[in-house]
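Following: one structure in C-alpha cells, then a few remarks.
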Amino acid sequence: MEKFQRYYLSFLLLIVYTNTIAQVNCNAIEGEDCKKACELYNWASDRQGSRESQEAFDKAIGLCPTFSNAYMEKAVPYLKNGDFITWKLLIDKAVALDPKMHLGYRGWCRFQFLRDYTGTIHDLEEFKKYYPEDLGRSLNGDYNLEIIRALSYSALGEKDKAVHLIENLLASKNYFKGLFDHYQLGVTYFELGRYDKALENFEKQSKEFDFAENIYFKSKVSKIRNKDYLDLKRLALRTYDEGKIMKDVYTHHFNKVYRKQIEEL
Amino acid sequence: MKVIYFLMFFSFVLMSCQTEKNVSKYPSTVGDIEFDPKLDDADFKKCIPEKLVTLQYYQGNPGFNYRGEKLAIEEKLKKENIFSKKNITGYFTVRFIVNCDGKAGLFRGQHMDSDFKEKVLDQDLENKLLLFTKSLDGWVPKEMKGRVKIGYYQYLTYKIKNGKVSEVLP
C-alpha cells in the first residue's frame, strides 16, 4: 500500500475510533443508578447539543454524581459553540472526578480551541504523571499529545525545548507517528534558523504525507538559500487548490499557512 | 362574594397550569440565539424557512467560510489597530448567525479572563471588537446539494494578551 494511502487509512481509523469512544459499556458499571446513568449518557451522546441531550446528562449526573463522562460529554457542545465559560465549568468537574481519564483531553482542547499554551502544558504535565511512557493521541487523532506539549512550548518561545521533545518522541521505541510530526518539527527548526534540519524534516514529511503548507516551507527554504523556489511555490499553490492542506473541522491547525501567504512568497 | 371566590379559584387554576408547564433551562440546541429587539437589527433576516438556520459552523461544507480565509480577518484587524491601553489578558468571543445571503447578525459577546471566568476585560476594547466583527462582510453561506444556500452559527474568539489581540480563533 502506498505510504500516502496508509497514512490516510490510519487517520480514518482514528476518526472512527474517536467517534465511538463516547459510547460506554454500561454492563461494566457498578450500581443500579450508575448503570442507568450510563445508559442515559449513551443515549444523550448520540444527540449532542440538543435540549433532550443536555437534560439527559443532568438526569445522569443526578443519578450518579461521580460519573465523570456525563460532565465531559455535556460540556462538548459549549466548547464547539464558543461558550468556553460553561465548557470550563463542566470539564473541570469531569477532571476533578477522574483526572486520569480527562486531563489529557482538557489539555488538548485548551490547545485546539483556545491556544491556551500555559494551560495546555499544565494539564499535559499533570497527565504525564499518570502516563509517563505515552500520553496518547489528541482526540482528532492527528497528534501524539507530547507533540502538543512541545508545540505549546514553541508558542511560548521555547523553541529548543520543543525541538528536543519532538526529537525524543520520534526516536522513542514503537512510536506511531502523527500526520504532521515532521512538518511541525521542520517549522520549529525553521524558526530557529536551522534550515538544514528544517528541510530534512520537510522532506521526510513529503515522503510520508505531503500537503501545501509543507511544500510552501520547502519553497521558503529554497528562497532563503537563493535557489530556484518558484516551481515549489507553484506546486504548493496547486496542492492548496486540490484541497491537500492542514484541515481541522472545528479550528485551524497550529502553523497553518494560507493561500495568500503562498502567493506572496 | 361569589365573584371573589370565583376569581380566587380561577387564578389558582391559572397558577397551577403555569407551574406544571415544564420549562427547560436549555434552548432547543446549545448556543441558539433568539432575536432581541433591544440588541438586534430588525432588518436582519434569518433564512426562510427558519429551520434552515440550524447548522453550526462545523457542519455542512467543511472549512472556514470566509472570503480570503481567516487570514483576511487577521489582516483587517491588524490594519484597524485595535488594542487596549490596559494591560489585560483574556478572551472576547462574539457568536452570531450568518444567513443564507452571507450577512451576519444577532451578535452576542462573551468575555472571560485567562482562567475562563466571566470578566469584563475592557469595555472600550470589547465594543471595538464587537463593531469590528459586525463590519466583516466576507462570510459565505453554506450550500446544500450545491444549490440551496444555508445560514449557520459562527463565532470568533479574540485572544487578548497584554491589551493586544494575539490570536483570532477558531
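Each chain of the C-alpha cells is named A, B, ... in the order shown, its residues numbered from 1; ligands are numbered from 1 in display order.
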At a cut-off of 10 Å, list the chain B residues touching chain A, using only C-alpha atoms, as a PyMOL selection string.
chain B and resi 24-32+56-59+61-64+68-72+90-91+93-95+109-118+153-159+166-170
Put those residues in a file: C-alpha atoms, as a compact mmCIF listing (two decimals), in the first residue's frame.
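Ended up saving to out_21.txt:
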```txt
# COMPACT_ATOMS: atom_id res chain seq x y z
CA SER B 24 -36.46 23.69 30.18
CA LYS B 25 -33.42 25.76 31.08
CA TYR B 26 -31.86 24.71 27.78
CA PRO B 27 -32.59 26.11 24.33
CA SER B 28 -33.54 23.75 21.52
CA THR B 29 -29.84 23.49 20.67
CA VAL B 30 -26.95 24.70 22.81
CA GLY B 31 -25.92 28.16 21.63
CA ASP B 32 -29.20 29.11 19.91
CA GLN B 56 -23.22 25.14 13.15
CA TYR B 57 -20.04 26.43 11.50
CA TYR B 58 -18.50 22.97 11.59
CA GLN B 59 -21.42 21.26 9.87
CA ASN B 61 -19.45 22.45 3.83
CA PRO B 62 -16.17 21.92 5.61
CA GLY B 63 -13.78 24.75 6.35
CA PHE B 64 -13.91 28.33 7.48
CA GLY B 68 -9.79 35.21 1.85
CA GLU B 69 -9.86 32.68 4.71
CA LYS B 70 -9.18 33.59 8.33
CA LEU B 71 -6.07 35.46 7.21
CA ALA B 72 -8.30 38.16 5.67
CA GLY B 90 -8.21 37.01 28.45
CA TYR B 91 -10.67 36.27 25.68
CA THR B 93 -15.90 35.83 21.92
CA VAL B 94 -18.60 37.01 19.54
CA ARG B 95 -21.16 34.44 18.41
CA GLY B 109 -20.48 38.71 23.15
CA GLN B 110 -18.84 36.78 25.96
CA HIS B 111 -15.80 37.95 27.91
CA MET B 112 -13.57 35.96 30.22
CA ASP B 113 -10.20 36.12 31.89
CA SER B 114 -7.38 33.68 31.20
CA ASP B 115 -8.84 31.27 33.79
CA PHE B 116 -12.09 31.14 31.73
CA LYS B 117 -14.08 33.02 34.33
CA GLU B 118 -16.57 35.66 33.22
CA TYR B 153 -23.94 29.84 13.59
CA GLN B 154 -20.36 31.09 13.68
CA TYR B 155 -18.16 32.52 16.39
CA LEU B 156 -14.91 34.44 16.55
CA THR B 157 -12.78 34.47 19.67
CA TYR B 158 -10.17 37.17 20.17
CA LYS B 159 -7.36 36.04 22.44
CA SER B 166 -2.65 37.92 19.88
CA GLU B 167 -4.77 35.37 18.01
CA VAL B 168 -8.15 35.06 16.30
CA LEU B 169 -9.91 31.74 16.82
CA PRO B 170 -11.27 29.20 15.85
```
Neighbour list for Ser172 of chain A as a list of chain:residue names, cut-off 12 Å, only C-alpha atoms, skip fewer than 5 positions in-chain
A:Glu133, A:Asp134, A:Glu146, A:Leu165, A:Ile166, A:Glu167, A:Lys177
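You will find atom CA of Ile262 of chain A at 19.3 Å from atom CA of Asn201 of chain A.
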Please list as an MDAnalysis selection string every residue within 8 Å of segment 128-131 of chain B, counting only C-alpha atoms and excluding residues in the same chain fewer than 3 positions away.
chainID B and resid 82 94 109 124:125 134:135
DSSP strand (DSSP E or B) residues within segment 2-170 of chain B, listed as an MDAnalysis selection string:
chainID B and resid 29 55:56 66 83 90:98 104:113 118 139 142:144 148:150 152:161 164:169
Residues of the last selection are to be written out with N, CA and C atoms, as a compact mmCIF listing (two decimals), in the first residue's frame.
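Output file part_4.txt is given in full below:
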```txt
# COMPACT_ATOMS: atom_id res chain seq x y z
N THR B 29 -31.22 23.96 20.88
CA THR B 29 -29.84 23.49 20.67
C THR B 29 -28.92 24.43 21.44
N LEU B 55 -27.65 24.95 11.15
CA LEU B 55 -26.29 24.41 11.09
C LEU B 55 -25.35 25.18 12.02
N GLN B 56 -24.32 24.50 12.44
CA GLN B 56 -23.22 25.14 13.15
C GLN B 56 -22.08 25.32 12.14
N TYR B 66 -15.06 32.04 4.88
CA TYR B 66 -14.88 33.50 4.78
C TYR B 66 -13.98 33.77 3.57
N PHE B 83 -6.60 47.97 20.08
CA PHE B 83 -5.91 47.49 21.29
C PHE B 83 -6.45 48.21 22.52
N GLY B 90 -6.98 37.81 28.40
CA GLY B 90 -8.21 37.01 28.45
C GLY B 90 -8.74 36.76 27.05
N TYR B 91 -10.04 36.59 26.98
CA TYR B 91 -10.67 36.27 25.68
C TYR B 91 -11.98 37.06 25.53
N PHE B 92 -12.26 37.44 24.30
CA PHE B 92 -13.56 38.02 23.98
C PHE B 92 -14.12 37.25 22.78
N THR B 93 -15.29 36.65 22.99
CA THR B 93 -15.90 35.83 21.92
C THR B 93 -17.17 36.52 21.42
N VAL B 94 -17.35 36.52 20.13
CA VAL B 94 -18.60 37.01 19.54
C VAL B 94 -19.21 35.86 18.75
N ARG B 95 -20.44 35.49 19.14
CA ARG B 95 -21.16 34.44 18.41
C ARG B 95 -22.28 35.11 17.62
N PHE B 96 -22.53 34.62 16.44
CA PHE B 96 -23.52 35.26 15.58
C PHE B 96 -24.05 34.27 14.54
N ILE B 97 -25.00 34.76 13.76
CA ILE B 97 -25.57 33.94 12.68
C ILE B 97 -25.15 34.52 11.33
N VAL B 98 -24.73 33.67 10.44
CA VAL B 98 -24.53 34.06 9.04
C VAL B 98 -25.76 33.56 8.30
N ALA B 104 -24.25 38.80 8.33
CA ALA B 104 -24.16 38.36 9.73
C ALA B 104 -25.05 39.21 10.61
N GLY B 105 -25.60 38.59 11.65
CA GLY B 105 -26.48 39.30 12.59
C GLY B 105 -26.63 38.54 13.88
N LEU B 106 -27.45 39.09 14.79
CA LEU B 106 -27.71 38.51 16.11
C LEU B 106 -26.39 38.24 16.87
N PHE B 107 -25.60 39.27 16.98
CA PHE B 107 -24.28 39.13 17.62
C PHE B 107 -24.42 39.07 19.15
N ARG B 108 -23.71 38.16 19.76
CA ARG B 108 -23.69 38.05 21.22
C ARG B 108 -22.23 37.92 21.69
N GLY B 109 -21.86 38.72 22.68
CA GLY B 109 -20.48 38.71 23.15
C GLY B 109 -20.33 37.95 24.47
N GLN B 110 -19.16 37.41 24.68
CA GLN B 110 -18.84 36.78 25.96
C GLN B 110 -17.38 37.11 26.31
N HIS B 111 -17.16 37.60 27.51
CA HIS B 111 -15.80 37.95 27.91
C HIS B 111 -15.35 37.06 29.07
N MET B 112 -14.08 36.78 29.10
CA MET B 112 -13.57 35.96 30.22
C MET B 112 -12.09 36.22 30.41
N ASP B 113 -11.63 35.94 31.62
CA ASP B 113 -10.20 36.12 31.89
C ASP B 113 -9.45 34.86 31.44
N GLU B 118 -15.95 34.48 33.82
CA GLU B 118 -16.57 35.66 33.22
C GLU B 118 -15.99 36.93 33.83
N TRP B 139 -18.43 36.73 4.80
CA TRP B 139 -18.96 35.41 5.14
C TRP B 139 -19.67 34.78 3.95
N LYS B 142 -23.36 28.47 3.63
CA LYS B 142 -23.09 27.08 3.26
C LYS B 142 -24.09 26.68 2.17
N GLU B 143 -23.80 25.59 1.50
CA GLU B 143 -24.69 25.15 0.42
C GLU B 143 -25.11 23.71 0.64
N MET B 144 -26.34 23.43 0.25
CA MET B 144 -26.83 22.05 0.32
C MET B 144 -27.04 21.57 -1.10
N VAL B 148 -28.90 25.00 -2.68
CA VAL B 148 -29.62 25.74 -1.64
C VAL B 148 -28.64 26.37 -0.65
N LYS B 149 -28.76 27.68 -0.48
CA LYS B 149 -27.88 28.37 0.47
C LYS B 149 -28.44 28.21 1.88
N ILE B 150 -27.54 27.96 2.80
CA ILE B 150 -27.96 27.74 4.18
C ILE B 150 -27.16 28.64 5.12
N TYR B 152 -25.84 29.69 9.09
CA TYR B 152 -25.23 28.88 10.16
C TYR B 152 -24.74 29.78 11.30
N TYR B 153 -24.54 29.14 12.44
CA TYR B 153 -23.94 29.84 13.59
C TYR B 153 -22.42 29.82 13.45
N GLN B 154 -21.82 30.96 13.74
CA GLN B 154 -20.36 31.09 13.68
C GLN B 154 -19.92 31.85 14.94
N TYR B 155 -18.70 31.66 15.33
CA TYR B 155 -18.16 32.52 16.39
C TYR B 155 -16.74 32.92 16.06
N LEU B 156 -16.31 34.03 16.62
CA LEU B 156 -14.91 34.44 16.55
C LEU B 156 -14.46 34.73 17.97
N THR B 157 -13.33 34.19 18.35
CA THR B 157 -12.78 34.47 19.67
C THR B 157 -11.48 35.25 19.49
N TYR B 158 -11.39 36.36 20.20
CA TYR B 158 -10.17 37.17 20.17
C TYR B 158 -9.39 36.87 21.44
N LYS B 159 -8.23 36.29 21.27
CA LYS B 159 -7.36 36.04 22.44
C LYS B 159 -6.58 37.32 22.70
N ILE B 160 -6.68 37.83 23.89
CA ILE B 160 -6.06 39.12 24.21
C ILE B 160 -4.92 38.93 25.20
N LYS B 161 -3.77 39.45 24.81
CA LYS B 161 -2.59 39.32 25.67
C LYS B 161 -1.99 40.71 25.85
N LYS B 164 -3.45 43.46 23.71
CA LYS B 164 -3.48 43.32 22.25
C LYS B 164 -4.08 41.97 21.84
N VAL B 165 -4.72 41.94 20.68
CA VAL B 165 -5.25 40.66 20.18
C VAL B 165 -4.06 39.86 19.65
N SER B 166 -3.80 38.74 20.31
CA SER B 166 -2.65 37.92 19.88
C SER B 166 -3.06 36.84 18.88
N GLU B 167 -4.32 36.39 18.97
CA GLU B 167 -4.77 35.37 18.01
C GLU B 167 -6.27 35.51 17.80
N VAL B 168 -6.71 35.12 16.60
CA VAL B 168 -8.15 35.06 16.30
C VAL B 168 -8.51 33.59 16.13
N LEU B 169 -9.52 33.15 16.84
CA LEU B 169 -9.91 31.74 16.82
C LEU B 169 -11.37 31.62 16.35
```
Who sits within 12 Å of Ile91 of chain A, only C-alpha atoms, same chain under 3 positions skipped, as a PyMOL selection string:
(chain A and resi 68-79+84-88+94-99+101-107+109-110) or (chain B and resi 116)
DSSP-assigned helix (DSSP H, G or I) members of segment 36-164 of chain A, reported as a ChimeraX atom specification:
/A:36-45,51-63,68-80,84-97,99-114,117-130,145-155,159-164
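The space between atom CA of His182 of chain A and atom CA of Leu124 of chain A spans 21.0 Å.
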Residues within 12 Å of Gly243 of chain A, please, as a PyMOL selection string. Count only C-alpha atoms; anything in the same chain fewer than 2 positions from it doesn't count.
(chain A and resi 210-213+236-241+245-247+258-259) or (chain B and resi 62-63)
